[in-house]
>>> print(open('my_file_23.pdb').read())   # PDB, C-alpha atoms, pLDDT in the B column
ATOM      1  CA  THR A   1      -3.004   7.491  30.301  1.00 44.00           C
ATOM      2  CA  THR A   2      -0.667  10.174  31.634  1.00 51.00           C
ATOM      3  CA  PRO A   3       2.512  10.670  29.517  1.00 52.00           C
ATOM      4  CA  ILE A   4       5.781   9.880  31.336  1.00 51.00           C
ATOM      5  CA  THR A   5       9.159  11.370  30.470  1.00 54.00           C
ATOM      6  CA  TRP A   6      12.538  10.160  31.696  1.00 52.00           C
ATOM      7  CA  ALA A   7      15.500  12.255  32.735  1.00 55.00           C
ATOM      8  CA  LYS A   8      19.011  10.946  33.363  1.00 54.00           C
ATOM      9  CA  THR A   9      20.142  11.116  36.972  1.00 54.00           C
ATOM     10  CA  ALA A  10      23.169  13.332  37.495  1.00 53.00           C
ATOM     11  CA  GLY A  11      26.446  11.544  38.300  1.00 53.00           C
ATOM     12  CA  ILE A  12      25.555   8.262  36.594  1.00 53.00           C
ATOM     13  CA  SER A  13      27.572   7.705  33.444  1.00 51.00           C
ATOM     14  CA  THR A  14      26.024   4.499  32.133  1.00 51.00           C
ATOM     15  CA  THR A  15      23.231   5.087  29.615  1.00 51.00           C
ATOM     16  CA  PRO A  16      20.594   2.351  29.395  1.00 53.00           C
ATOM     17  CA  ASP A  17      18.455   1.736  26.329  1.00 54.00           C
ATOM     18  CA  ILE A  18      15.004   3.298  26.810  1.00 54.00           C
ATOM     19  CA  SER A  19      12.372   2.391  24.257  1.00 52.00           C
ATOM     20  CA  GLY A  20       8.625   2.272  24.643  1.00 53.00           C
ATOM     21  CA  GLY A  21       8.899   3.458  28.244  1.00 53.00           C
ATOM     22  CA  THR A  22      10.979   0.418  29.369  1.00 55.00           C
ATOM     23  CA  PHE A  23      14.638  -0.090  30.292  1.00 54.00           C
ATOM     24  CA  THR A  24      17.072  -2.413  28.532  1.00 54.00           C
ATOM     25  CA  MET A  25      19.868  -2.463  31.036  1.00 55.00           C
ATOM     26  CA  GLY A  26      23.487  -2.567  29.944  1.00 55.00           C
ATOM     27  CA  ALA A  27      26.537  -3.300  32.115  1.00 57.00           C
ATOM     28  CA  GLY A  28      26.964  -1.066  35.144  1.00 57.00           C
ATOM     29  CA  GLU A  29      24.689   1.316  36.958  1.00 60.00           C
ATOM     30  CA  ALA A  30      21.915   3.366  35.409  1.00 57.00           C
ATOM     31  CA  GLY A  31      19.985   6.140  37.153  1.00 60.00           C
ATOM     32  CA  TYR A  32      16.909   7.768  35.645  1.00 59.00           C
ATOM     33  CA  THR A  33      14.018   9.815  37.106  1.00 63.00           C
ATOM     34  CA  ALA A  34      10.455   9.364  35.786  1.00 63.00           C
ATOM     35  CA  THR A  35       8.338  12.520  35.486  1.00 68.00           C
ATOM     36  CA  ALA A  36       4.573  12.330  34.805  1.00 69.00           C
ATOM     37  CA  THR A  37       3.148  15.094  32.625  1.00 77.00           C
ATOM     38  CA  PRO A  38      -0.460  16.010  33.537  1.00 79.00           C
ATOM     39  CA  LYS A  39      -2.870  15.166  30.772  1.00 86.00           C
ATOM     40  CA  ARG A  40      -4.616  17.881  28.760  1.00 88.00           C
ATOM     41  CA  ILE A  41      -8.341  17.231  28.536  1.00 90.00           C
ATOM     42  CA  ARG A  42     -10.981  18.745  26.273  1.00 92.00           C
ATOM     43  CA  ILE A  43     -14.291  19.781  27.814  1.00 94.00           C
ATOM     44  CA  THR A  44     -17.457  21.047  26.151  1.00 95.00           C
ATOM     45  CA  LEU A  45     -19.469  23.951  27.552  1.00 96.00           C
ATOM     46  CA  ASP A  46     -23.162  23.925  26.602  1.00 97.00           C
ATOM     47  CA  ALA A  47     -24.798  27.382  26.598  1.00 97.00           C
ATOM     48  CA  GLY A  48     -28.324  25.932  26.913  1.00 95.00           C
ATOM     49  CA  VAL A  49     -31.554  27.825  26.187  1.00 94.00           C
ATOM     50  CA  GLY A  50     -30.623  31.048  27.987  1.00 96.00           C
ATOM     51  CA  GLY A  51     -27.533  32.175  26.095  1.00 97.00           C
ATOM     52  CA  THR A  52     -24.962  31.637  23.355  1.00 96.00           C
ATOM     53  CA  PHE A  53     -21.247  31.691  22.731  1.00 95.00           C
ATOM     54  CA  ALA A  54     -19.571  33.732  20.023  1.00 89.00           C
ATOM     55  CA  ASP A  55     -19.123  30.577  17.949  1.00 84.00           C
ATOM     56  CA  GLY A  56     -22.513  28.995  18.604  1.00 88.00           C
ATOM     57  CA  ALA A  57     -24.371  26.934  21.184  1.00 91.00           C
ATOM     58  CA  THR A  58     -21.270  25.182  22.557  1.00 93.00           C
ATOM     59  CA  SER A  59     -17.667  26.038  23.304  1.00 95.00           C
ATOM     60  CA  THR A  60     -14.728  23.609  23.543  1.00 93.00           C
ATOM     61  CA  GLN A  61     -11.986  24.329  26.070  1.00 94.00           C
ATOM     62  CA  THR A  62      -8.815  22.507  27.137  1.00 93.00           C
ATOM     63  CA  VAL A  63      -7.896  21.992  30.785  1.00 93.00           C
ATOM     64  CA  THR A  64      -4.997  20.326  32.577  1.00 93.00           C
ATOM     65  CA  TYR A  65      -5.710  17.394  34.838  1.00 92.00           C
ATOM     66  CA  ASP A  66      -5.260  18.087  38.563  1.00 92.00           C
ATOM     67  CA  SER A  67      -5.185  21.875  38.031  1.00 94.00           C
ATOM     68  CA  THR A  68      -8.108  24.255  38.557  1.00 95.00           C
ATOM     69  CA  PHE A  69     -10.566  25.050  35.768  1.00 95.00           C
ATOM     70  CA  GLY A  70      -9.761  28.760  36.052  1.00 95.00           C
ATOM     71  CA  THR A  71     -10.602  30.835  32.983  1.00 93.00           C
ATOM     72  CA  ALA A  72     -11.511  27.756  30.930  1.00 94.00           C
ATOM     73  CA  LEU A  73     -15.083  28.067  32.202  1.00 95.00           C
ATOM     74  CA  VAL A  74     -15.965  30.785  29.695  1.00 95.00           C
ATOM     75  CA  ALA A  75     -19.292  32.429  30.467  1.00 96.00           C
ATOM     76  CA  PRO A  76     -21.868  32.511  27.652  1.00 97.00           C
ATOM     77  CA  THR A  77     -23.642  35.704  26.685  1.00 97.00           C
ATOM     78  CA  ALA A  78     -27.026  35.551  28.376  1.00 97.00           C
ATOM     79  CA  SER A  79     -30.065  36.202  26.203  1.00 96.00           C
ATOM     80  CA  ALA A  80     -32.541  38.965  27.081  1.00 97.00           C
ATOM     81  CA  GLY A  81     -34.555  37.914  30.109  1.00 98.00           C
ATOM     82  CA  TYR A  82     -31.919  35.548  31.570  1.00 98.00           C
ATOM     83  CA  THR A  83     -28.981  35.807  33.976  1.00 98.00           C
ATOM     84  CA  PHE A  84     -26.105  33.320  33.778  1.00 98.00           C
ATOM     85  CA  VAL A  85     -25.370  31.740  37.177  1.00 97.00           C
ATOM     86  CA  GLY A  86     -22.721  29.092  36.485  1.00 97.00           C
ATOM     87  CA  TYR A  87     -22.040  25.587  35.181  1.00 97.00           C
ATOM     88  CA  TYR A  88     -23.339  22.247  36.411  1.00 97.00           C
ATOM     89  CA  THR A  89     -22.574  18.656  35.516  1.00 95.00           C
ATOM     90  CA  THR A  90     -26.222  18.072  34.592  1.00 95.00           C
ATOM     91  CA  GLU A  91     -28.639  20.088  32.467  1.00 96.00           C
ATOM     92  CA  ILE A  92     -31.145  22.183  34.470  1.00 97.00           C
ATOM     93  CA  GLU A  93     -34.040  24.255  33.160  1.00 96.00           C
ATOM     94  CA  PRO A  94     -33.826  28.037  33.849  1.00 97.00           C
ATOM     95  CA  ASP A  95     -34.983  28.734  37.424  1.00 97.00           C
ATOM     96  CA  GLY A  96     -34.968  24.979  38.079  1.00 96.00           C
ATOM     97  CA  SER A  97     -33.806  23.410  41.327  1.00 96.00           C
ATOM     98  CA  THR A  98     -30.051  22.900  41.767  1.00 94.00           C
ATOM     99  CA  GLU A  99     -30.324  20.927  45.009  1.00 92.00           C
ATOM    100  CA  VAL A 100     -29.241  17.597  43.505  1.00 88.00           C
ATOM    101  CA  ALA A 101     -26.909  19.054  40.845  1.00 91.00           C
ATOM    102  CA  THR A 102     -23.123  19.379  41.113  1.00 95.00           C
ATOM    103  CA  PRO A 103     -21.716  22.854  40.398  1.00 96.00           C
ATOM    104  CA  VAL A 104     -18.473  23.378  38.475  1.00 97.00           C
ATOM    105  CA  ARG A 105     -16.515  26.431  39.604  1.00 96.00           C
ATOM    106  CA  SER A 106     -13.305  28.097  38.465  1.00 96.00           C
ATOM    107  CA  PHE A 107     -11.508  27.125  41.689  1.00 96.00           C
ATOM    108  CA  ASP A 108     -12.512  23.434  41.428  1.00 96.00           C
ATOM    109  CA  LYS A 109      -9.785  20.964  40.478  1.00 94.00           C
ATOM    110  CA  VAL A 110      -9.890  18.996  37.240  1.00 94.00           C
ATOM    111  CA  THR A 111     -10.286  15.482  38.643  1.00 92.00           C
ATOM    112  CA  THR A 112     -12.297  12.358  37.893  1.00 91.00           C
ATOM    113  CA  ASP A 113     -14.911  13.665  40.337  1.00 90.00           C
ATOM    114  CA  LEU A 114     -15.984  16.135  37.639  1.00 92.00           C
ATOM    115  CA  ILE A 115     -14.545  15.027  34.305  1.00 90.00           C
ATOM    116  CA  ASP A 116     -14.158  11.989  32.107  1.00 86.00           C
ATOM    117  CA  VAL A 117     -10.445  11.587  31.416  1.00 76.00           C
ATOM    118  CA  ASP A 118     -11.269  10.274  27.948  1.00 76.00           C
ATOM    119  CA  GLY A 119     -12.397  13.780  27.014  1.00 69.00           C
ATOM    120  CA  LYS A 120     -16.162  13.348  26.769  1.00 83.00           C
ATOM    121  CA  THR A 121     -17.156  15.816  29.481  1.00 94.00           C
ATOM    122  CA  THR A 122     -19.912  18.398  28.984  1.00 95.00           C
ATOM    123  CA  PHE A 123     -20.822  21.127  31.483  1.00 96.00           C
ATOM    124  CA  TYR A 124     -24.193  22.881  31.229  1.00 97.00           C
ATOM    125  CA  ALA A 125     -24.894  26.575  31.753  1.00 98.00           C
ATOM    126  CA  TYR A 126     -27.577  27.379  34.319  1.00 98.00           C
ATOM    127  CA  TYR A 127     -29.676  30.564  34.277  1.00 98.00           C
ATOM    128  CA  THR A 128     -32.241  32.368  36.369  1.00 98.00           C
ATOM    129  CA  ILE A 129     -35.167  34.134  34.692  1.00 98.00           C
ATOM    130  CA  ASN A 130     -35.307  37.898  35.199  1.00 98.00           C
ATOM    131  CA  SER A 131     -38.383  39.673  36.542  1.00 98.00           C
ATOM    132  CA  PHE A 132     -39.720  42.908  35.082  1.00 98.00           C
ATOM    133  CA  THR A 133     -42.247  45.491  36.260  1.00 98.00           C
ATOM    134  CA  LEU A 134     -45.789  45.328  34.899  1.00 98.00           C
ATOM    135  CA  THR A 135     -47.743  48.592  35.356  1.00 98.00           C
ATOM    136  CA  ILE A 136     -51.396  49.056  34.441  1.00 98.00           C
ATOM    137  CA  ASP A 137     -52.736  52.636  34.528  1.00 98.00           C
ATOM    138  CA  TYR A 138     -56.473  53.351  34.649  1.00 98.00           C
ATOM    139  CA  GLN A 139     -57.538  56.648  33.063  1.00 98.00           C
ATOM    140  CA  ARG A 140     -60.505  58.600  31.770  1.00 97.00           C
ATOM    141  CA  VAL A 141     -60.577  59.677  28.131  1.00 97.00           C
ATOM    142  CA  ASP A 142     -58.956  63.011  29.073  1.00 96.00           C
ATOM    143  CA  GLY A 143     -55.984  61.215  30.623  1.00 97.00           C
ATOM    144  CA  SER A 144     -56.893  61.827  34.265  1.00 97.00           C
ATOM    145  CA  GLU A 145     -56.552  58.943  36.706  1.00 98.00           C
ATOM    146  CA  ILE A 146     -59.757  57.132  37.517  1.00 98.00           C
ATOM    147  CA  ALA A 147     -58.347  54.331  39.695  1.00 97.00           C
ATOM    148  CA  GLU A 148     -55.037  53.527  41.383  1.00 97.00           C
ATOM    149  CA  SER A 149     -52.427  51.981  39.094  1.00 98.00           C
ATOM    150  CA  TYR A 150     -51.600  48.285  39.436  1.00 98.00           C
ATOM    151  CA  THR A 151     -47.967  47.120  39.583  1.00 98.00           C
ATOM    152  CA  ASP A 152     -46.430  43.656  39.826  1.00 98.00           C
ATOM    153  CA  GLN A 153     -43.128  41.868  39.221  1.00 98.00           C
ATOM    154  CA  VAL A 154     -43.524  39.235  36.488  1.00 98.00           C
ATOM    155  CA  LYS A 155     -40.845  36.885  35.194  1.00 98.00           C
ATOM    156  CA  TYR A 156     -39.900  37.012  31.525  1.00 98.00           C
ATOM    157  CA  GLY A 157     -42.015  34.670  29.405  1.00 97.00           C
ATOM    158  CA  LYS A 158     -44.693  34.198  32.082  1.00 98.00           C
ATOM    159  CA  ASP A 159     -48.379  34.901  31.442  1.00 98.00           C
ATOM    160  CA  TYR A 160     -50.174  37.660  33.334  1.00 98.00           C
ATOM    161  CA  SER A 161     -53.890  38.465  33.709  1.00 98.00           C
ATOM    162  CA  LYS A 162     -55.558  41.260  35.681  1.00 98.00           C
ATOM    163  CA  ASP A 163     -59.230  42.277  35.773  1.00 98.00           C
ATOM    164  CA  SER A 164     -59.820  46.012  35.473  1.00 98.00           C
ATOM    165  CA  PRO A 165     -61.450  47.577  38.554  1.00 98.00           C
ATOM    166  CA  VAL A 166     -65.155  48.453  38.469  1.00 97.00           C
ATOM    167  CA  VAL A 167     -65.804  52.225  38.571  1.00 97.00           C
ATOM    168  CA  ASN A 168     -69.363  53.500  39.048  1.00 95.00           C
ATOM    169  CA  GLY A 169     -70.580  55.417  36.017  1.00 94.00           C
ATOM    170  CA  TYR A 170     -67.761  54.218  33.750  1.00 96.00           C
ATOM    171  CA  THR A 171     -66.977  51.194  31.585  1.00 97.00           C
ATOM    172  CA  ALA A 172     -63.407  50.005  30.914  1.00 97.00           C
ATOM    173  CA  ARG A 173     -62.500  49.371  27.284  1.00 97.00           C
ATOM    174  CA  ASN A 174     -60.446  46.364  28.463  1.00 97.00           C
ATOM    175  CA  LEU A 175     -62.277  44.421  31.148  1.00 97.00           C
ATOM    176  CA  THR A 176     -59.239  42.137  31.525  1.00 98.00           C
ATOM    177  CA  VAL A 177     -55.603  42.879  30.692  1.00 98.00           C
ATOM    178  CA  SER A 178     -53.595  39.760  29.812  1.00 98.00           C
ATOM    179  CA  GLY A 179     -50.529  38.709  27.858  1.00 98.00           C
ATOM    180  CA  THR A 180     -47.001  37.300  28.097  1.00 98.00           C
ATOM    181  CA  MET A 181     -44.265  39.294  29.855  1.00 98.00           C
ATOM    182  CA  PRO A 182     -41.500  40.580  27.556  1.00 98.00           C
ATOM    183  CA  ALA A 183     -37.859  41.033  28.575  1.00 98.00           C
ATOM    184  CA  GLU A 184     -38.452  44.635  29.635  1.00 98.00           C
ATOM    185  CA  ASN A 185     -40.690  46.726  31.878  1.00 98.00           C
ATOM    186  CA  LEU A 186     -44.214  47.049  30.487  1.00 98.00           C
ATOM    187  CA  THR A 187     -46.839  49.787  30.981  1.00 98.00           C
ATOM    188  CA  ILE A 188     -50.421  49.364  29.768  1.00 98.00           C
ATOM    189  CA  THR A 189     -53.139  52.017  29.908  1.00 98.00           C
ATOM    190  CA  VAL A 190     -56.813  51.099  30.240  1.00 98.00           C
ATOM    191  CA  ILE A 191     -59.251  53.830  29.153  1.00 98.00           C
ATOM    192  CA  TYR A 192     -62.638  54.237  30.849  1.00 98.00           C
ATOM    193  CA  ASP A 193     -65.575  55.720  28.951  1.00 96.00           C
ATOM    194  CA  ALA A 194     -68.324  57.520  30.840  1.00 95.00           C
ATOM    195  CA  ASN A 195     -71.622  55.676  30.714  1.00 94.00           C
ATOM    196  CA  LYS A 196     -74.438  57.451  28.861  1.00 86.00           C
ATOM    197  CA  TYR A 197     -77.962  57.755  30.240  1.00 74.00           C
ATOM    198  CA  ASP A 198     -81.248  58.773  28.585  1.00 73.00           C
ATOM    199  CA  ILE A 199     -83.329  61.482  30.271  1.00 71.00           C
ATOM    200  CA  ILE A 200     -86.991  61.544  29.290  1.00 68.00           C
ATOM    201  CA  LEU A 201     -89.139  64.607  29.998  1.00 63.00           C
ATOM    202  CA  ASN A 202     -92.857  63.895  29.910  1.00 66.00           C
ATOM    203  CA  SER A 203     -95.601  66.507  29.565  1.00 60.00           C
ATOM    204  CA  ASN A 204     -98.774  65.989  31.599  1.00 62.00           C
ATOM    205  CA  PHE A 205    -100.840  67.562  28.867  1.00 58.00           C
ATOM    206  CA  PRO A 206    -101.421  66.564  25.243  1.00 59.00           C
ATOM    207  CA  SER A 207     -99.911  68.813  22.586  1.00 58.00           C
ATOM    208  CA  GLU A 208    -101.366  69.889  19.292  1.00 57.00           C
ATOM    209  CA  SER A 209     -98.550  68.024  17.495  1.00 57.00           C
ATOM    210  CA  GLY A 210     -99.136  64.848  19.466  1.00 55.00           C
ATOM    211  CA  VAL A 211     -95.672  65.106  21.147  1.00 55.00           C
ATOM    212  CA  SER A 212     -95.824  64.818  24.921  1.00 56.00           C
ATOM    213  CA  SER A 213     -92.220  63.811  25.825  1.00 58.00           C
ATOM    214  CA  ILE A 214     -88.636  64.773  24.950  1.00 57.00           C
ATOM    215  CA  THR A 215     -85.557  62.509  25.332  1.00 64.00           C
ATOM    216  CA  THR A 216     -81.895  63.602  25.739  1.00 59.00           C
ATOM    217  CA  THR A 217     -78.714  61.609  26.460  1.00 63.00           C
ATOM    218  CA  LEU A 218     -76.060  62.694  28.997  1.00 54.00           C
ATOM    219  CA  ASP A 219     -72.736  61.255  30.139  1.00 64.00           C
ATOM    220  CA  ASP A 220     -72.399  60.124  33.712  1.00 58.00           C
ATOM    221  CA  GLY A 221     -71.503  63.125  35.868  1.00 60.00           C
ATOM    222  CA  ALA A 222     -72.658  65.668  33.303  1.00 61.00           C
ATOM    223  CA  THR A 223     -74.724  68.682  34.480  1.00 62.00           C
ATOM    224  CA  PHE A 224     -78.272  68.863  33.200  1.00 59.00           C
ATOM    225  CA  ASN A 225     -78.794  72.570  32.419  1.00 63.00           C
ATOM    226  CA  GLU A 226     -80.621  72.623  29.113  1.00 60.00           C
ATOM    227  CA  THR A 227     -83.974  74.300  28.487  1.00 60.00           C
ATOM    228  CA  PHE A 228     -86.593  72.384  26.598  1.00 58.00           C
ATOM    229  CA  THR A 229     -89.699  73.883  24.974  1.00 60.00           C
ATOM    230  CA  PHE A 230     -92.586  71.522  24.563  1.00 55.00           C
ATOM    231  CA  PRO A 231     -94.982  71.943  21.644  1.00 59.00           C
ATOM    232  CA  THR A 232     -98.048  74.123  22.111  1.00 59.00           C
ATOM    233  CA  MET A 233    -100.677  72.449  24.216  1.00 54.00           C
ATOM    234  CA  GLU A 234    -104.139  71.835  22.833  1.00 55.00           C
ATOM    235  CA  SER A 235    -106.870  74.269  23.821  1.00 55.00           C
ATOM    236  CA  LEU A 236    -109.168  72.974  26.497  1.00 52.00           C
TER     237      LEU A 236
END
>>> encode(input="my_file_23.pdb", output="structure tokens")
Amino acid sequence: TTPITWAKTAGISTTPDISGGTFTMGAGEAGYTATATPKRIRITLDAGVGGTFADGATSTQTVTYDSTFGTALVAPTASAGYTFVGYYTTEIEPDGSTEVATPVRSFDKVTTDLIDVDGKTTFYAYYTINSFTLTIDYQRVDGSEIAESYTDQVKYGKDYSKDSPVVNGYTARNLTVSGTMPAENLTITVIYDANKYDIILNSNFPSESGVSSITTTLDDGATFNETFTFPTMESL
């Protein structure tokens, strides 16, 4: 209940007996004015999964009934990857829908529409999840670009997966790049190794040593400029 105080009305000399908020009238007139003092109400702020208060997961504040919440709605410190949006009367997962939830703002009045006058009211912090830039670079062993880089915006804590592009003559060391997005921009480099090919030179004539072919291995794109000497051919 709201406390009531009584003040004597000016110009009235008779003083009645006031005890327990009731009058015991004496002889003569008595004039008193009743003044209601707005009730002070304790509310609990719940920081939720996306932040904390200096003193822990919750913070207790005191507000005055029929006034605005004002600075009592202390904002929590958002954890990495989250942005604090505001308070609601119901708990909502980060990035969840707020369509059916009731917001609580600093300019709202402290009334029974939002609070329990018995002091059992909890407001819940709501957060959005931040997005960060994922960059995947595709390079040869010497660091030169072999394919255009891939970029995307990925929310913190979300899984990502991207197949590496196919490049003729090369094989990627990571055919698929996957993981979970951290609370920061992320750059990953995929290295491509040049494919190796065997070149076999065959002689049309038998040699005295029995060797009639020579094999060499070259990287894709390499220039074949070596000179090979086959063993002496057998006399005809």
>>> atom_distance(input="my_file_23.pdb", atom1="atom CA of A:Asn130", atom2="atom CA of A:Lys162")
20.5 Å
>>> closest_residue(input="my_file_23.pdb", among="A:Phe107, A:Tyr160, A:Tyr138, A:Tyr170", to="A:Thr189", atoms="all atoms listed in the file")
A:Tyr138
>>> residues_near_point(input="my_file_23.pdb", point="(-28.5, 16.0, 41.7)", cutoff="7 Å", atoms="only C-alpha atoms", output="PyMOL selection string")
chain A and resi 99-102
>>> atom_distance(input="my_file_23.pdb", atom1="atom CA of A:Gly70", atom2="atom CA of A:Val104")
10.5 Å
>>> resolve_selection(input="my_file_23.pdb", expression="the PyMOL selection byres ((chain A and resi 147) around 10)", output="list in words")
Asp137, Tyr138, Gln139, Arg140, Ser144, Glu145, Ile146, Glu148, Ser149, Tyr150, Ser164, Pro165, Val166, Val167 and Tyr192 of chain A
>>> resolve_selection(input="my_file_23.pdb", expression="the PyMOL selection byres ((chain A and resi 158) around 12)", output="VMD selection string")
chain A and resid 81 129 to 132 134 153 to 157 159 to 161 178 to 183
